[in-house]
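Shown here: final22.tsv, TSV, C-alpha atoms and all ligand atoms.
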```
chain	number	residue	atom	x	y	z
P	23	MET	CA	6.24	8.70	-19.87
P	24	ASN	CA	9.79	8.99	-18.62
P	25	LYS	CA	11.74	5.80	-18.44
P	26	LEU	CA	11.92	4.98	-14.74
P	27	ALA	CA	14.25	1.98	-14.85
P	28	ASP	CA	16.09	-0.17	-17.40
P	29	LYS	CA	14.35	-3.50	-17.23
P	30	ILE	CA	11.02	-5.03	-16.31
P	31	TRP	CA	10.46	-8.66	-15.44
P	32	MET	CA	7.71	-9.99	-17.69
P	33	ASP	CA	6.43	-13.56	-17.60
P	34	GLY	CA	9.72	-15.06	-16.55
P	35	ALA	CA	12.31	-12.91	-18.34
P	36	PHE	CA	13.65	-9.38	-18.28
P	37	VAL	CA	12.69	-7.09	-21.12
P	38	GLU	CA	13.82	-3.56	-21.86
P	39	TRP	CA	11.56	-0.87	-20.40
P	40	GLU	CA	10.43	0.14	-23.92
P	41	ASN	CA	9.39	-3.39	-24.79
P	42	ALA	CA	7.31	-4.11	-21.69
P	43	THR	CA	4.01	-3.76	-23.54
P	44	THR	CA	0.82	-5.76	-23.81
P	45	HIS	CA	-2.05	-6.12	-26.27
P	46	VAL	CA	-4.93	-3.62	-26.08
P	47	LEU	CA	-7.40	-6.49	-25.84
P	48	SER	CA	-5.76	-7.87	-22.70
P	49	HIS	CA	-8.65	-8.80	-20.44
P	50	ALA	CA	-7.40	-6.81	-17.44
P	51	LEU	CA	-7.31	-3.57	-19.39
P	52	HIS	CA	-11.07	-3.80	-19.96
P	53	TYR	CA	-12.30	-5.12	-16.65
P	54	GLY	CA	-9.61	-4.31	-14.09
P	55	ALA	CA	-8.90	-7.99	-13.53
P	56	GLY	CA	-5.47	-7.67	-11.98
P	57	VAL	CA	-3.98	-8.06	-8.52
P	58	PHE	CA	-0.92	-6.18	-7.43
P	59	GLU	CA	1.46	-5.24	-4.67
P	60	GLY	CA	3.38	-2.15	-3.67
P	61	ILE	CA	6.68	-2.92	-1.95
P	62	ARG	CA	9.61	-0.76	-0.93
P	63	CYS	CA	13.31	-1.47	-0.93
P	64	TYR	CA	15.50	0.71	1.32
P	65	ASN	CA	19.22	1.21	1.33
P	66	THR	CA	20.79	-0.12	4.52
P	67	GLU	CA	24.34	-0.35	5.84
P	68	ASP	CA	24.47	-3.90	4.46
P	69	GLY	CA	23.10	-2.91	1.05
P	70	PRO	CA	19.58	-2.62	-0.36
P	71	ALA	CA	16.88	-4.61	1.47
P	72	VAL	CA	13.25	-5.26	0.58
P	73	PHE	CA	10.91	-4.65	3.50
P	74	ARG	CA	8.57	-7.51	4.45
P	75	LEU	CA	8.95	-9.30	1.13
P	76	THR	CA	7.33	-12.53	2.33
P	77	GLU	CA	4.23	-10.75	3.59
P	78	HIS	CA	3.81	-8.87	0.31
P	79	VAL	CA	4.23	-12.03	-1.78
P	80	ASP	CA	1.75	-13.84	0.46
P	81	ARG	CA	-0.78	-11.03	0.04
P	82	LEU	CA	-0.32	-11.14	-3.74
P	83	PHE	CA	-1.13	-14.86	-3.73
P	84	ASP	CA	-4.09	-14.32	-1.40
P	85	SER	CA	-5.42	-11.63	-3.73
P	86	ALA	CA	-5.04	-14.00	-6.68
P	87	LYS	CA	-6.80	-16.81	-4.82
P	88	ILE	CA	-9.73	-14.56	-3.94
P	89	CYS	CA	-10.01	-13.63	-7.62
P	90	ARG	CA	-9.56	-17.24	-8.78
P	91	MET	CA	-6.45	-16.33	-10.71
P	92	ALA	CA	-3.75	-19.00	-10.76
P	93	ILE	CA	-0.35	-17.31	-10.77
P	94	PRO	CA	1.87	-19.71	-12.78
P	95	TYR	CA	4.86	-19.39	-10.42
P	96	THR	CA	5.60	-20.37	-6.85
P	97	ARG	CA	5.87	-17.81	-4.05
P	98	GLU	CA	9.61	-18.51	-3.88
P	99	GLN	CA	10.00	-17.83	-7.61
P	100	VAL	CA	8.09	-14.54	-7.31
P	101	ALA	CA	10.11	-13.45	-4.27
P	102	GLU	CA	13.36	-14.23	-6.08
P	103	ALA	CA	12.18	-12.42	-9.24
P	104	ILE	CA	11.41	-9.34	-7.12
P	105	LEU	CA	14.93	-9.30	-5.67
P	106	GLU	CA	16.37	-9.90	-9.14
P	107	THR	CA	14.39	-6.94	-10.55
P	108	VAL	CA	16.01	-4.61	-8.01
P	109	ARG	CA	19.42	-6.14	-8.72
P	110	VAL	CA	19.39	-5.93	-12.53
P	111	ASN	CA	18.26	-2.32	-12.41
P	112	GLY	CA	21.05	-1.43	-9.98
P	113	LEU	CA	18.57	0.28	-7.67
P	114	LYS	CA	19.40	1.06	-4.05
P	115	GLU	CA	16.09	2.50	-2.91
P	116	CYS	CA	12.95	1.88	-4.91
P	117	TYR	CA	9.29	1.03	-5.08
P	118	ILE	CA	8.46	-2.39	-6.50
P	119	ARG	CA	5.24	-3.18	-8.32
P	120	PRO	CA	4.34	-6.82	-9.06
P	121	LEU	CA	1.10	-7.14	-11.05
P	122	ALA	CA	-0.64	-10.35	-12.05
P	123	PHE	CA	-3.40	-9.91	-14.59
P	124	ILE	CA	-5.75	-11.79	-16.84
P	125	GLY	CA	-4.22	-11.57	-20.28
P	126	LEU	CA	-5.17	-11.87	-23.91
P	127	GLY	CA	-7.77	-14.46	-24.85
P	128	ALA	CA	-11.51	-14.51	-24.60
P	129	MET	CA	-13.29	-11.19	-24.10
P	130	GLY	CA	-16.36	-11.03	-21.90
P	131	LEU	CA	-16.75	-11.85	-18.26
P	132	TYR	CA	-15.79	-15.51	-18.35
P	133	PRO	CA	-12.07	-15.60	-19.11
P	134	LYS	CA	-11.83	-19.36	-18.76
P	135	ASN	CA	-8.59	-20.08	-20.62
P	136	ASN	CA	-6.93	-16.68	-20.70
P	137	PRO	CA	-3.34	-16.65	-19.49
P	138	ILE	CA	-2.38	-15.08	-16.18
P	139	ASN	CA	0.48	-12.72	-16.88
P	140	LEU	CA	2.87	-11.46	-14.24
P	141	ILE	CA	5.10	-8.42	-14.41
P	142	ILE	CA	7.46	-6.93	-11.84
P	143	ALA	CA	8.67	-3.37	-12.20
P	144	ALA	CA	10.83	-1.28	-9.87
P	145	TRP	CA	11.67	2.40	-9.91
P	146	PRO	CA	12.87	5.12	-7.54
P	147	TRP	CA	9.90	6.74	-5.75
P	148	GLY	CA	10.31	9.41	-3.10
P	149	ALA	CA	7.85	10.51	-0.42
P	150	TYR	CA	4.34	9.60	-1.68
P	151	LEU	CA	2.69	12.65	-0.17
P	152	GLY	CA	5.74	14.89	-0.49
P	153	ASP	CA	8.64	15.56	1.87
P	154	ASP	CA	6.62	18.38	3.41
P	155	GLY	CA	3.77	15.96	3.99
P	156	LEU	CA	6.07	13.56	5.84
P	157	ASN	CA	7.53	16.33	7.99
P	158	LYS	CA	4.61	18.66	8.61
P	159	GLY	CA	1.55	16.57	7.92
P	160	ILE	CA	-1.12	16.72	5.25
P	161	LYS	CA	-4.56	18.19	4.74
P	162	VAL	CA	-7.28	15.58	4.35
P	163	ARG	CA	-10.93	15.60	3.39
P	164	VAL	CA	-13.64	13.01	4.01
P	165	SER	CA	-14.58	11.69	0.60
P	166	SER	CA	-18.07	11.86	-0.85
P	167	PHE	CA	-17.26	8.40	-2.28
P	168	THR	CA	-17.98	5.43	0.00
P	169	ARG	CA	-15.39	2.66	0.40
P	170	HIS	CA	-16.47	-0.58	-1.26
P	171	HIS	CA	-19.04	-2.62	0.62
P	172	ILE	CA	-17.39	-5.82	1.85
P	173	ASN	CA	-19.69	-7.97	-0.24
P	174	ALA	CA	-19.11	-5.94	-3.39
P	175	ALA	CA	-15.34	-6.05	-3.22
P	176	MET	CA	-13.24	-8.37	-1.11
P	177	SER	CA	-11.02	-6.06	0.87
P	178	ARG	CA	-8.38	-8.73	1.59
P	179	ALA	CA	-7.55	-8.57	-2.10
P	180	LYS	CA	-5.59	-5.77	-3.69
P	181	VAL	CA	-7.39	-5.69	-7.01
P	182	SER	CA	-6.63	-3.24	-9.81
P	183	GLY	CA	-10.29	-2.53	-10.60
P	184	TYR	CA	-11.08	-1.55	-7.01
P	185	TYR	CA	-8.78	1.41	-7.37
P	186	MET	CA	-11.25	3.43	-9.44
P	187	ASN	CA	-12.88	4.13	-6.08
P	188	SER	CA	-9.55	5.44	-4.75
P	189	ILE	CA	-8.88	7.46	-7.90
P	190	LEU	CA	-12.27	9.19	-7.63
P	191	ALA	CA	-11.66	9.99	-3.97
P	192	LYS	CA	-8.13	11.26	-4.57
P	193	GLN	CA	-9.16	13.45	-7.53
P	194	GLU	CA	-11.96	14.97	-5.47
P	195	ALA	CA	-9.64	15.65	-2.50
P	196	ILE	CA	-7.05	17.36	-4.69
P	197	SER	CA	-9.63	19.42	-6.56
P	198	CYS	CA	-10.80	20.67	-3.16
P	199	GLY	CA	-7.29	21.82	-2.23
P	200	CYS	CA	-6.46	18.84	0.00
P	201	ASP	CA	-3.63	16.32	-0.23
P	202	GLU	CA	-5.53	13.12	0.41
P	203	ALA	CA	-9.00	11.63	0.92
P	204	LEU	CA	-10.38	9.71	3.87
P	205	LEU	CA	-13.05	7.21	2.84
P	206	LEU	CA	-15.88	6.05	5.07
P	207	ASP	CA	-17.29	2.54	4.83
P	208	ALA	CA	-20.85	1.69	3.79
P	209	GLN	CA	-21.99	2.13	7.43
P	210	GLY	CA	-20.38	5.55	7.68
P	211	TYR	CA	-17.38	4.58	9.81
P	212	VAL	CA	-13.85	5.67	8.97
P	213	ALA	CA	-12.27	3.13	6.63
P	214	GLU	CA	-8.98	4.25	5.07
P	215	GLY	CA	-7.26	6.70	2.77
P	216	SER	CA	-7.17	6.24	-1.02
P	217	GLY	CA	-3.98	4.22	-0.56
P	218	GLU	CA	-3.30	4.21	3.19
P	219	ASN	CA	-4.59	2.92	6.51
P	220	ILE	CA	-5.28	5.38	9.31
P	221	PHE	CA	-4.38	5.64	13.02
P	222	ILE	CA	-5.53	8.24	15.51
P	223	VAL	CA	-4.53	9.16	19.05
P	224	ARG	CA	-7.56	10.14	21.10
P	225	LYS	CA	-7.62	10.65	24.86
P	226	GLY	CA	-4.18	9.04	25.00
P	227	ARG	CA	-5.26	5.85	23.20
P	228	LEU	CA	-3.79	4.72	19.89
P	229	ILE	CA	-6.70	3.58	17.70
P	230	THR	CA	-7.11	2.12	14.21
P	231	PRO	CA	-10.25	0.85	12.44
P	232	PRO	CA	-10.77	-2.93	12.43
P	233	LEU	CA	-10.08	-5.03	9.32
P	234	THR	CA	-13.55	-5.07	7.88
P	235	SER	CA	-13.79	-2.98	4.75
P	236	ILE	CA	-10.12	-1.99	4.59
P	237	LEU	CA	-6.96	-3.41	3.10
P	238	ASP	CA	-4.99	-5.50	5.61
P	239	GLY	CA	-2.07	-3.13	5.39
P	240	ILE	CA	1.40	-4.47	6.02
P	241	THR	CA	2.53	-1.08	7.33
P	242	ARG	CA	-0.52	-1.04	9.63
P	243	GLU	CA	0.51	-4.42	11.02
P	244	THR	CA	4.11	-3.21	11.31
P	245	VAL	CA	2.98	-0.16	13.33
P	246	ILE	CA	0.82	-2.32	15.62
P	247	THR	CA	3.78	-4.62	16.29
P	248	LEU	CA	6.22	-1.75	16.87
P	249	ALA	CA	3.80	0.01	19.25
P	250	GLU	CA	2.85	-3.13	21.18
P	251	ASP	CA	6.49	-4.20	21.52
P	252	ARG	CA	6.89	-0.92	23.43
P	253	GLY	CA	3.92	-1.53	25.69
P	254	MET	CA	1.67	0.83	23.74
P	255	LYS	CA	-1.64	-0.94	23.18
P	256	VAL	CA	-3.32	-0.43	19.81
P	257	HIS	CA	-7.13	-0.46	19.95
P	258	GLU	CA	-8.78	-1.84	16.82
P	259	GLN	CA	-12.22	-0.28	17.05
P	260	LEU	CA	-14.80	1.56	14.96
P	261	VAL	CA	-13.85	5.17	14.35
P	262	THR	CA	-16.19	7.99	13.36
P	263	ARG	CA	-15.23	11.08	11.44
P	264	ASP	CA	-15.71	13.22	14.52
P	265	ASP	CA	-13.39	10.90	16.47
P	266	VAL	CA	-10.78	12.05	13.99
P	267	TYR	CA	-11.83	15.72	14.28
P	268	THR	CA	-11.30	15.50	18.04
P	269	SER	CA	-8.14	13.41	18.03
P	270	SER	CA	-4.86	14.85	19.26
P	271	GLU	CA	-2.87	13.08	16.53
P	272	ALA	CA	-3.64	11.22	13.34
P	273	PHE	CA	-1.48	9.59	10.70
P	274	PHE	CA	-1.71	7.50	7.55
P	275	THR	CA	0.33	4.33	7.02
P	276	GLY	CA	1.22	2.59	3.77
P	277	THR	CA	4.15	1.24	1.83
P	278	ALA	CA	4.11	4.26	-0.45
P	279	ALA	CA	2.93	6.79	2.18
P	280	GLU	CA	5.14	5.32	4.95
P	281	ILE	CA	4.09	7.20	8.12
P	282	THR	CA	2.44	10.44	6.99
P	283	PRO	CA	0.99	12.73	9.69
P	284	ILE	CA	-2.47	14.23	9.16
P	285	ARG	CA	-2.61	17.81	10.35
P	286	GLU	CA	-6.14	18.68	9.30
P	287	LEU	CA	-9.39	16.90	8.42
P	288	ASP	CA	-12.33	18.79	6.85
P	289	ASN	CA	-10.88	22.12	8.01
P	290	ARG	CA	-10.70	20.91	11.61
P	291	GLU	CA	-7.14	21.32	12.80
P	292	ILE	CA	-5.55	18.26	14.40
P	293	GLY	CA	-2.17	19.91	14.66
P	294	PRO	CA	1.45	19.39	13.69
P	295	PRO	CA	2.89	15.87	14.10
P	296	GLY	CA	2.60	14.92	17.79
P	297	PRO	CA	4.83	12.78	20.04
P	298	VAL	CA	3.28	9.39	19.22
P	299	THR	CA	3.35	10.04	15.46
P	300	LYS	CA	6.95	11.19	15.64
P	301	GLN	CA	7.99	8.21	17.72
P	302	ILE	CA	6.32	5.74	15.33
P	303	GLN	CA	7.79	7.55	12.34
P	304	THR	CA	11.34	7.42	13.75
P	305	LEU	CA	10.97	3.77	14.72
P	306	TYR	CA	9.56	2.87	11.30
P	307	PHE	CA	12.37	4.55	9.36
P	308	ASP	CA	15.00	2.99	11.63
P	309	VAL	CA	13.49	-0.44	11.07
P	310	VAL	CA	13.13	-0.22	7.27
P	311	LYS	CA	16.64	1.18	6.96
P	312	GLY	CA	18.10	-1.71	8.96
P	313	LYS	CA	19.10	0.42	11.96
P	314	ASN	CA	17.11	-1.62	14.46
P	315	PRO	CA	18.61	-5.12	14.90
P	316	ALA	CA	15.46	-6.44	16.59
P	317	TYR	CA	13.55	-6.35	13.29
P	318	LYS	CA	16.20	-7.52	10.82
P	319	SER	CA	14.10	-10.57	10.00
P	320	TRP	CA	11.72	-8.20	8.17
P	321	LEU	CA	14.44	-7.35	5.65
P	322	ALA	CA	15.28	-9.36	2.54
P	323	TYR	CA	18.71	-8.28	1.37
P	324	VAL	CA	18.98	-7.84	-2.37
V	401	LIG	N1	-5.19	0.85	1.93
V	401	LIG	C1	-5.18	0.94	0.58
V	401	LIG	C2	-6.44	1.17	-0.14
V	401	LIG	C3	-3.96	0.83	-0.09
V	401	LIG	O1	-3.93	0.91	-1.41
V	401	LIG	C4	-2.76	0.64	0.64
V	401	LIG	C5	-1.44	0.55	-0.06
V	401	LIG	C6	-2.84	0.56	2.05
V	401	LIG	C7	-4.09	0.66	2.65
V	401	LIG	C8	-1.64	0.28	2.90
V	401	LIG	O2	-1.17	-1.02	2.71
V	401	LIG	P1	0.36	-1.42	2.94
V	401	LIG	O3	1.15	-0.80	1.83
V	401	LIG	O4	0.36	-2.89	2.89
V	401	LIG	O5	0.76	-0.88	4.26
V	401	LIG	N2	-1.34	1.30	-1.24
V	401	LIG	C9	-0.27	1.02	-2.17
V	401	LIG	C10	-0.52	1.68	-3.51
V	401	LIG	C11	-0.25	3.14	-3.64
V	401	LIG	C12	-0.36	3.61	-5.08
V	401	LIG	O6	-0.53	4.81	-5.28
V	401	LIG	O7	-0.25	2.82	-6.02
V	401	LIG	C13	1.09	1.29	-1.57
V	401	LIG	O8	1.22	1.99	-0.58
V	401	LIG	O9	2.06	0.75	-2.10
```

Write-out of the structure in structure tokens:
Amino acid sequence: MNKLADKIWMDGAFVEWENATTHVLSHALHYGAGVFEGIRCYNTEDGPAVFRLTEHVDRLFDSAKICRMAIPYTREQVAEAILETVRVNGLKECYIRPLAFIGLGAMGLYPKNNPINLIIAAWPWGAYLGDDGLNKGIKVRVSSFTRHHINAAMSRAKVSGYYMNSILAKQEAISCGCDEALLLDAQGYVAEGSGENIFIVRKGRLITPPLTSILDGITRETVITLAEDRGMKVHEQLVTRDDVYTSSEAFFTGTAAEITPIRELDNREIGPPGPVTKQIQTLYFDVVKGKNPAYKSWLAYV
């Protein structure tokens, strides 16, 4: 793998990229027992700024609580270590990946005294679904894989092991010539993408699925706030796949995916990015890049 940055924060200290390794019997490697975040830092006029740092750190701690993993640092220490990781690597715009995981100790499913390790990495990461995807929209397919049932996986937690479900869905979508998958929940309603939440515009209403079996996306919440601050109500309601087929606009939201328009689902054309999608996209990029003073409190300057 190419070296993506100089240093990685590992259990309280920075180590060289090459030395950020762990034992093959680390518990998390076998059972997926890790919780993580995906955060972006954008370059602004006043220097690099991490978008919604507090919310991401809070979600990391919520994920850990749900999994009964005690992260051996305070939220403030983790937030500061995230900023420091961007700083020491001299990055202006990057993606940041904190990961807390059950480390080396007992094997088996009762890791009573195993340590909880924490790493924070940061590296430059461009448009998740390509620049073309951001500008023209992507081709999506409903996955044959169902999103986790809410009593099989806790969807408020961002758990490493859950992502096998996303990997299966994404592989299938790509092997079918699409860019991304749309997963349905165990009842058959639209849930989310492999790594994104979804919004649609149908009959003039902006709609997104409720927070049942989906990740409580920070970008989703950002979009709801931005829309509602402009008098555009967001309806959180159940969505069916044919609601999406017959929508006038659809887009994915996520830290990595940002605001990515969906131009086609299951060979049903939705169309090129429409006015609502474009407006939200412009607003979002202005906000994350510090160009909208009303939302400066969402930025943590590096
Ligand atoms: N749903 C899922 C399943 C998901 O993984 C993400 C983020 C979202 C919704 C959107 O959440 P938020 O980033 O808070 O708006 N997916 C992360 C991981 C992507 C990856 O490939 O790794 C991300 O966007 O950082």

Item checked: Two-atom distance - CA of Ser48 in chain P, CA of Ser216 in chain P (Å) -> 25.9 Å

Next item on the list: Using all atoms listed in the file, determine which residues lie at most 10 Å from Gly152 in chain P, disregarding the query and same-chain residues fewer than 5 positions distant; provide the list as an MDAnalysis selection string.
Entry: chainID P and resid 157:160 201 279 282

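For the residues P:Tyr323, P:Phe73, P:Trp39, P:Tyr64, ranking by smallest atom-to-atom distance to ligand LIG 401 (chain V) using all atoms listed in the file places P:Phe73 first.
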
Next item on the list: Counting only C-alpha atoms, figure out which residue out of P:Ser270, P:Asp153, P:Ile189, P:Leu206 gets nearest to Arg227 in chain P.
Entry: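 Ranked by minimum distance to Arg227 in chain P, first place goes to P:Ser270.
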
Next item on the list: For ligand LIG 401 (chain V), list the contacting residues at 9 Å or closer, counting only C-alpha atoms and all ligand atoms, as a ChimeraX atom specification.
Entry: /P:58-62,77-78,81,117-119,150,177,180,184-185,188,213-220,236-244,274-280

With C-alpha atoms retained, write the just-selected residues as an mmCIF file, keeping the file's coordinate frame.
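This went into result.cif:
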```
data_model
loop_
_atom_site.group_PDB
_atom_site.id
_atom_site.type_symbol
_atom_site.label_atom_id
_atom_site.label_comp_id
_atom_site.auth_asym_id
_atom_site.auth_seq_id
_atom_site.Cartn_x
_atom_site.Cartn_y
_atom_site.Cartn_z
ATOM 1 C CA PHE P 58 -0.920 -6.180 -7.430
ATOM 2 C CA GLU P 59 1.460 -5.240 -4.670
ATOM 3 C CA GLY P 60 3.380 -2.150 -3.670
ATOM 4 C CA ILE P 61 6.680 -2.920 -1.950
ATOM 5 C CA ARG P 62 9.610 -0.760 -0.930
ATOM 6 C CA GLU P 77 4.230 -10.750 3.590
ATOM 7 C CA HIS P 78 3.810 -8.870 0.310
ATOM 8 C CA ARG P 81 -0.780 -11.030 0.040
ATOM 9 C CA TYR P 117 9.290 1.030 -5.080
ATOM 10 C CA ILE P 118 8.460 -2.390 -6.500
ATOM 11 C CA ARG P 119 5.240 -3.180 -8.320
ATOM 12 C CA TYR P 150 4.340 9.600 -1.680
ATOM 13 C CA SER P 177 -11.020 -6.060 0.870
ATOM 14 C CA LYS P 180 -5.590 -5.770 -3.690
ATOM 15 C CA TYR P 184 -11.080 -1.550 -7.010
ATOM 16 C CA TYR P 185 -8.780 1.410 -7.370
ATOM 17 C CA SER P 188 -9.550 5.440 -4.750
ATOM 18 C CA ALA P 213 -12.270 3.130 6.630
ATOM 19 C CA GLU P 214 -8.980 4.250 5.070
ATOM 20 C CA GLY P 215 -7.260 6.700 2.770
ATOM 21 C CA SER P 216 -7.170 6.240 -1.020
ATOM 22 C CA GLY P 217 -3.980 4.220 -0.560
ATOM 23 C CA GLU P 218 -3.300 4.210 3.190
ATOM 24 C CA ASN P 219 -4.590 2.920 6.510
ATOM 25 C CA ILE P 220 -5.280 5.380 9.310
ATOM 26 C CA ILE P 236 -10.120 -1.990 4.590
ATOM 27 C CA LEU P 237 -6.960 -3.410 3.100
ATOM 28 C CA ASP P 238 -4.990 -5.500 5.610
ATOM 29 C CA GLY P 239 -2.070 -3.130 5.390
ATOM 30 C CA ILE P 240 1.400 -4.470 6.020
ATOM 31 C CA THR P 241 2.530 -1.080 7.330
ATOM 32 C CA ARG P 242 -0.520 -1.040 9.630
ATOM 33 C CA GLU P 243 0.510 -4.420 11.020
ATOM 34 C CA THR P 244 4.110 -3.210 11.310
ATOM 35 C CA PHE P 274 -1.710 7.500 7.550
ATOM 36 C CA THR P 275 0.330 4.330 7.020
ATOM 37 C CA GLY P 276 1.220 2.590 3.770
ATOM 38 C CA THR P 277 4.150 1.240 1.830
ATOM 39 C CA ALA P 278 4.110 4.260 -0.450
ATOM 40 C CA ALA P 279 2.930 6.790 2.180
ATOM 41 C CA GLU P 280 5.140 5.320 4.950
#
```

Checklist line | Atomic separation - CA of Gly148 in chain P relative to CA of Lys311 in chain P, Å | finding: 14.5 Å

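For the pair CA of Arg90 in chain P and CA of Val212 in chain P, the interatomic distance is 29.3 Å.
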
Notebook entry, point to check: From the set P:Asp28, P:Glu271, P:Asp288, P:Asp265, which residue has the shortest atom-to-atom contact distance to Leu113 in chain P, counting all atoms listed in the file?
Noted result: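 Nearest to Leu113 in chain P: P:Asp28.
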
Checklist line | Minimum-distance residue to His49 in chain P, chosen among P:Gln209, P:Asn135, P:Thr168, P:Gln301 (using only C-alpha atoms) | finding: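 That would be P:Asn135, the residue with the smallest distance to His49 in chain P.
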
Notebook entry, point to check: With all atoms listed in the file as the basis for distance, which of P:Arg290, P:Trp145, P:Ile284, P:Gln99 is at the shortest distance from Asn24 in chain P?
Noted result: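 Under the stated criterion, the closest residue is P:Trp145.
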